[in-house]
Every structure is written in structure tokens, then in C-alpha cells.
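Trainee: First the structure, which I've put down as C-alpha cells, then a few questions once you've had a look.
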Amino acid sequence: DYIVQTMSDNACEAFNAENTQQWAKQIEWVGLEVLNASAVNPLDKKGVVEFIASYRQQGQLQNIREISEFQHDGERWYYTGGEGEAVKQVSRTANKVGRNEPCPCNSGTKYKKCCGV
């Protein structure tokens, strides 16, 4: 309900509250990292926030990265739109090399003194 109440008319047109509510029941939010925010002055009328939101769905960690646009009407900020994309999770395929293990480049020295610098 809060999301719908804080969206501008244009943003609401593409928003499906029922689908979003069903999806939200299937996930667990685990983090939010704000990468950039342009509106820092209380008198600003427009703002842009770039963020990465992390959630877990069916045991898999997922991320959404978005650049969101907002407009202030003098009392409240409203979401007016944004561009986002799912961030692909990168899985390590090779074993992690410990600092004191031999370097995988076969130099004969410890990893921390060779490629791990």
C-alpha cells in the first residue's frame, strides 16, 4: 500500500500491485546499498537514487540494481520512474587460494608474496 501511495500517476500505470504483493510473499529482503543519491538539500524538488537491493528467493541470493527518479511536492517524495536490471550472481568455479598456500601460477612462492599482492 505504501508503495502505491508514494508513486506518481505515471509510475502507477506500469505497476501491478497484486503481482508485486504475491512476489513479495516469496522473498526475504536481506540488504539495501545506496550507491548514489542526488537530492541532499531539503529544498530539492527532484532527486535520483541509485541502489542495489538484495533478496533471497528459494534459497538463491538475488540483486536488483536500479536508478530511481523521485519528485518532491513540498510535503512528500514520489517515485516517478526508474531503470533497473537484475544483477547476475557470480559463482566461484575455482577453489579459493589461501594467503599462505603455494601460488597457483607455479612460481614456487606463497600466494601472498606473488599473485596475491
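Within each chain, counting starts at residue 1; across the C-alpha cells, chains are named A, B, ... in the order shown, with ligands numbered 1 upward in that order.
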Find the residues of range 51-79 of chain A that sit at most 10 Å from range 5-29 of chain A; for each, write down the nearest two atoms and how far apart they are in Å, to one decimal. Count only C-alpha atoms. Sort by chain, then by number going up, and give it as JSON lines.
Mentor:
```
{"residue": "A:Ala53", "atom": "CA", "partner": "A:Trp29", "partner_atom": "CA", "distance": 7.8}
{"residue": "A:Ser54", "atom": "CA", "partner": "A:Trp29", "partner_atom": "CA", "distance": 6.1}
{"residue": "A:Tyr55", "atom": "CA", "partner": "A:Trp29", "partner_atom": "CA", "distance": 4.2}
{"residue": "A:Arg56", "atom": "CA", "partner": "A:Glu28", "partner_atom": "CA", "distance": 5.2}
{"residue": "A:Gln57", "atom": "CA", "partner": "A:Ile27", "partner_atom": "CA", "distance": 4.8}
{"residue": "A:Gln58", "atom": "CA", "partner": "A:Ile27", "partner_atom": "CA", "distance": 7.5}
{"residue": "A:Gly59", "atom": "CA", "partner": "A:Ile27", "partner_atom": "CA", "distance": 9.2}
{"residue": "A:Gln60", "atom": "CA", "partner": "A:Ile27", "partner_atom": "CA", "distance": 9.7}
{"residue": "A:Leu61", "atom": "CA", "partner": "A:Glu28", "partner_atom": "CA", "distance": 9.5}
{"residue": "A:Gln62", "atom": "CA", "partner": "A:Trp29", "partner_atom": "CA", "distance": 9.6}
{"residue": "A:Asn63", "atom": "CA", "partner": "A:Trp29", "partner_atom": "CA", "distance": 9.9}
{"residue": "A:Phe70", "atom": "CA", "partner": "A:Ser8", "partner_atom": "CA", "distance": 8.7}
{"residue": "A:Gln71", "atom": "CA", "partner": "A:Ser8", "partner_atom": "CA", "distance": 8.4}
{"residue": "A:Arg76", "atom": "CA", "partner": "A:Thr6", "partner_atom": "CA", "distance": 8.0}
{"residue": "A:Trp77", "atom": "CA", "partner": "A:Thr6", "partner_atom": "CA", "distance": 7.0}
{"residue": "A:Tyr78", "atom": "CA", "partner": "A:Thr6", "partner_atom": "CA", "distance": 4.9}
{"residue": "A:Tyr79", "atom": "CA", "partner": "A:Met7", "partner_atom": "CA", "distance": 4.6}
```
Trainee: Pull all heavy atoms from the residues just selected and write them as a short mmCIF file (atom, residue, chain, number, x, y, z; two decimals), in the first residue's frame.
Mentor:
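File selection.cif, as written:
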```cif
data_model
loop_
_atom_site.label_atom_id
_atom_site.label_comp_id
_atom_site.auth_asym_id
_atom_site.auth_seq_id
_atom_site.Cartn_x
_atom_site.Cartn_y
_atom_site.Cartn_z
N ALA A 53 19.41 -3.56 -4.29
CA ALA A 53 18.59 -4.23 -3.26
C ALA A 53 18.84 -5.73 -3.37
O ALA A 53 18.80 -6.29 -4.46
CB ALA A 53 17.11 -3.92 -3.47
N SER A 54 19.11 -6.37 -2.24
CA SER A 54 19.39 -7.80 -2.21
C SER A 54 18.26 -8.53 -1.53
O SER A 54 17.73 -8.08 -0.52
CB SER A 54 20.69 -8.07 -1.45
OG SER A 54 21.76 -7.34 -2.01
N TYR A 55 17.92 -9.68 -2.10
CA TYR A 55 16.86 -10.51 -1.52
C TYR A 55 17.17 -11.97 -1.78
O TYR A 55 17.99 -12.32 -2.62
CB TYR A 55 15.49 -10.13 -2.08
CG TYR A 55 15.34 -10.35 -3.57
CD1 TYR A 55 14.79 -11.53 -4.07
CD2 TYR A 55 15.73 -9.38 -4.48
CE1 TYR A 55 14.65 -11.74 -5.44
CE2 TYR A 55 15.58 -9.57 -5.84
CZ TYR A 55 15.05 -10.75 -6.31
OH TYR A 55 14.91 -10.96 -7.66
N ARG A 56 16.52 -12.83 -1.02
CA ARG A 56 16.67 -14.26 -1.17
C ARG A 56 15.34 -14.84 -1.63
O ARG A 56 14.30 -14.56 -1.05
CB ARG A 56 17.11 -14.89 0.15
CG ARG A 56 17.57 -16.31 0.03
CD ARG A 56 18.14 -16.85 1.36
NE ARG A 56 18.99 -15.93 2.08
CZ ARG A 56 20.29 -15.69 1.84
NH1 ARG A 56 20.87 -16.30 0.84
NH2 ARG A 56 20.97 -14.84 2.56
N GLN A 57 15.40 -15.64 -2.70
CA GLN A 57 14.20 -16.29 -3.22
C GLN A 57 14.55 -17.74 -3.49
O GLN A 57 15.49 -18.04 -4.23
CB GLN A 57 13.72 -15.61 -4.50
CG GLN A 57 12.43 -16.18 -5.04
CD GLN A 57 11.90 -15.38 -6.22
OE1 GLN A 57 12.62 -14.63 -6.86
NE2 GLN A 57 10.63 -15.54 -6.50
N GLN A 58 13.81 -18.64 -2.87
CA GLN A 58 14.03 -20.08 -2.99
C GLN A 58 15.49 -20.43 -2.71
O GLN A 58 16.11 -21.22 -3.41
CB GLN A 58 13.61 -20.58 -4.36
CG GLN A 58 12.13 -20.39 -4.63
CD GLN A 58 11.73 -20.84 -6.02
OE1 GLN A 58 12.56 -21.07 -6.89
NE2 GLN A 58 10.43 -20.96 -6.22
N GLY A 59 16.06 -19.81 -1.67
CA GLY A 59 17.43 -20.09 -1.26
C GLY A 59 18.51 -19.43 -2.09
O GLY A 59 19.69 -19.55 -1.77
N GLN A 60 18.15 -18.73 -3.14
CA GLN A 60 19.11 -18.08 -4.02
C GLN A 60 19.18 -16.59 -3.72
O GLN A 60 18.15 -15.93 -3.67
CB GLN A 60 18.73 -18.28 -5.49
CG GLN A 60 18.74 -19.70 -5.95
CD GLN A 60 20.17 -20.22 -6.11
OE1 GLN A 60 21.08 -19.49 -6.47
NE2 GLN A 60 20.36 -21.50 -5.82
N LEU A 61 20.40 -16.07 -3.53
CA LEU A 61 20.58 -14.64 -3.33
C LEU A 61 20.47 -13.94 -4.67
O LEU A 61 21.09 -14.34 -5.65
CB LEU A 61 21.94 -14.35 -2.70
CG LEU A 61 22.23 -12.90 -2.36
CD1 LEU A 61 21.26 -12.41 -1.30
CD2 LEU A 61 23.65 -12.74 -1.88
N GLN A 62 19.64 -12.91 -4.74
CA GLN A 62 19.41 -12.13 -5.96
C GLN A 62 19.64 -10.65 -5.65
O GLN A 62 19.49 -10.22 -4.51
CB GLN A 62 17.97 -12.32 -6.46
CG GLN A 62 17.55 -13.75 -6.66
CD GLN A 62 18.19 -14.38 -7.88
OE1 GLN A 62 18.45 -13.71 -8.86
NE2 GLN A 62 18.42 -15.68 -7.83
N ASN A 63 19.95 -9.88 -6.68
CA ASN A 63 20.13 -8.44 -6.54
C ASN A 63 19.38 -7.72 -7.65
O ASN A 63 19.29 -8.21 -8.77
CB ASN A 63 21.61 -8.05 -6.64
CG ASN A 63 22.41 -8.52 -5.47
OD1 ASN A 63 22.00 -8.37 -4.33
ND2 ASN A 63 23.55 -9.12 -5.74
N PHE A 70 12.70 10.56 -8.39
CA PHE A 70 11.69 10.99 -7.43
C PHE A 70 11.40 12.48 -7.63
O PHE A 70 12.24 13.23 -8.10
CB PHE A 70 12.17 10.75 -6.00
CG PHE A 70 12.39 9.31 -5.66
CD1 PHE A 70 13.59 8.69 -5.92
CD2 PHE A 70 11.37 8.56 -5.09
CE1 PHE A 70 13.79 7.36 -5.61
CE2 PHE A 70 11.55 7.23 -4.77
CZ PHE A 70 12.77 6.63 -5.04
N GLN A 71 10.21 12.88 -7.21
CA GLN A 71 9.83 14.29 -7.25
C GLN A 71 9.20 14.64 -5.91
O GLN A 71 8.41 13.86 -5.36
CB GLN A 71 8.85 14.56 -8.38
CG GLN A 71 8.59 16.03 -8.56
CD GLN A 71 8.00 16.33 -9.93
OE1 GLN A 71 7.84 15.45 -10.77
NE2 GLN A 71 7.70 17.59 -10.16
N ARG A 76 6.05 15.54 0.42
CA ARG A 76 6.39 14.13 0.32
C ARG A 76 7.13 13.85 -0.99
O ARG A 76 6.91 14.51 -1.99
CB ARG A 76 5.09 13.34 0.37
CG ARG A 76 5.17 11.89 0.18
CD ARG A 76 3.78 11.30 0.20
NE ARG A 76 3.75 10.25 1.19
CZ ARG A 76 2.71 9.55 1.50
NH1 ARG A 76 1.54 9.81 0.96
NH2 ARG A 76 2.78 8.59 2.38
N TRP A 77 8.02 12.83 -0.96
CA TRP A 77 8.70 12.37 -2.16
C TRP A 77 7.83 11.33 -2.86
O TRP A 77 7.26 10.46 -2.22
CB TRP A 77 10.05 11.75 -1.81
CG TRP A 77 11.09 12.76 -1.47
CD1 TRP A 77 11.51 13.11 -0.23
CD2 TRP A 77 11.84 13.54 -2.39
NE1 TRP A 77 12.48 14.07 -0.31
CE2 TRP A 77 12.71 14.36 -1.62
CE3 TRP A 77 11.88 13.65 -3.78
CZ2 TRP A 77 13.59 15.25 -2.21
CZ3 TRP A 77 12.77 14.54 -4.35
CH2 TRP A 77 13.61 15.33 -3.58
N TYR A 78 7.76 11.42 -4.19
CA TYR A 78 7.01 10.46 -5.00
C TYR A 78 7.95 9.82 -6.03
O TYR A 78 8.73 10.52 -6.68
CB TYR A 78 5.85 11.14 -5.74
CG TYR A 78 4.74 11.53 -4.82
CD1 TYR A 78 4.72 12.79 -4.22
CD2 TYR A 78 3.72 10.63 -4.53
CE1 TYR A 78 3.70 13.14 -3.35
CE2 TYR A 78 2.69 10.99 -3.66
CZ TYR A 78 2.69 12.24 -3.08
OH TYR A 78 1.69 12.58 -2.22
N TYR A 79 7.83 8.51 -6.17
CA TYR A 79 8.57 7.77 -7.18
C TYR A 79 7.95 8.08 -8.54
O TYR A 79 6.74 7.93 -8.72
CB TYR A 79 8.48 6.28 -6.87
CG TYR A 79 9.10 5.39 -7.91
CD1 TYR A 79 10.48 5.21 -7.97
CD2 TYR A 79 8.31 4.70 -8.82
CE1 TYR A 79 11.05 4.38 -8.92
CE2 TYR A 79 8.87 3.87 -9.77
CZ TYR A 79 10.25 3.71 -9.81
OH TYR A 79 10.80 2.88 -10.75
#
```
Trainee: Running DSSP on the backbone, which parts of chain A land in strand (DSSP E or B), as number ranges by chain?
Mentor: A: 7, 27-37, 46-57, 60-72, 77-87, 102, 110
Trainee: Could you check how far CA of Val4 in chain A sits from CA of Leu35 in chain A, in Å to one decimal?
Mentor: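 We find that CA of Val4 in chain A and CA of Leu35 in chain A lie 24.1 Å from each other.
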Trainee: One decimal, Å: what's the distance from CA of Phe51 in chain A over to CA of Lys96 in chain A, could you say?
Mentor: 28.9 Å
Trainee: Which parts of chain A does DSSP call helix (DSSP H, G or I) when run on the backbone here, written out as a VMD selection string?
Mentor: chain A and resid 2 to 5 9 to 13 17 to 24 111 to 113
Trainee: Which is closest to Glu75 in chain A among A:Gly47, A:Pro42, A:Ser107, A:Ile52, if we use only C-alpha atoms?
Mentor: A:Pro42
Trainee: If we count only C-alpha atoms and set the cut-off at 12 Å, which residues sit around Glu83 in chain A, ignoring sequence neighbours fewer than 2 positions away in its own chain? Please answer as a list in words.
Mentor: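 Here the qualifying residues turn out to be Ala11, Val48, Val49, Glu50, Phe51, Ile64, Arg65, Glu66, Ile67, Ser68, Glu69, Tyr79, Thr80, Gly81, Glu85 and Ala86 of chain A.
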Trainee: Select, from A:Glu33, A:Glu101, A:Asp73, A:Asp1, the residue with the minimum atom-to-atom distance to Lys113 in chain A, counting only C-alpha atoms.
Mentor: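 Distance minimum relative to Lys113 in chain A lands on A:Glu101.
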Trainee: With distances taken over only C-alpha atoms, which residue among A:Gly82, A:Gly31, A:Gly98, A:Gly74 lies nearest Gly116 in chain A?
Mentor: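 Nearest to Gly116 in chain A: A:Gly98.
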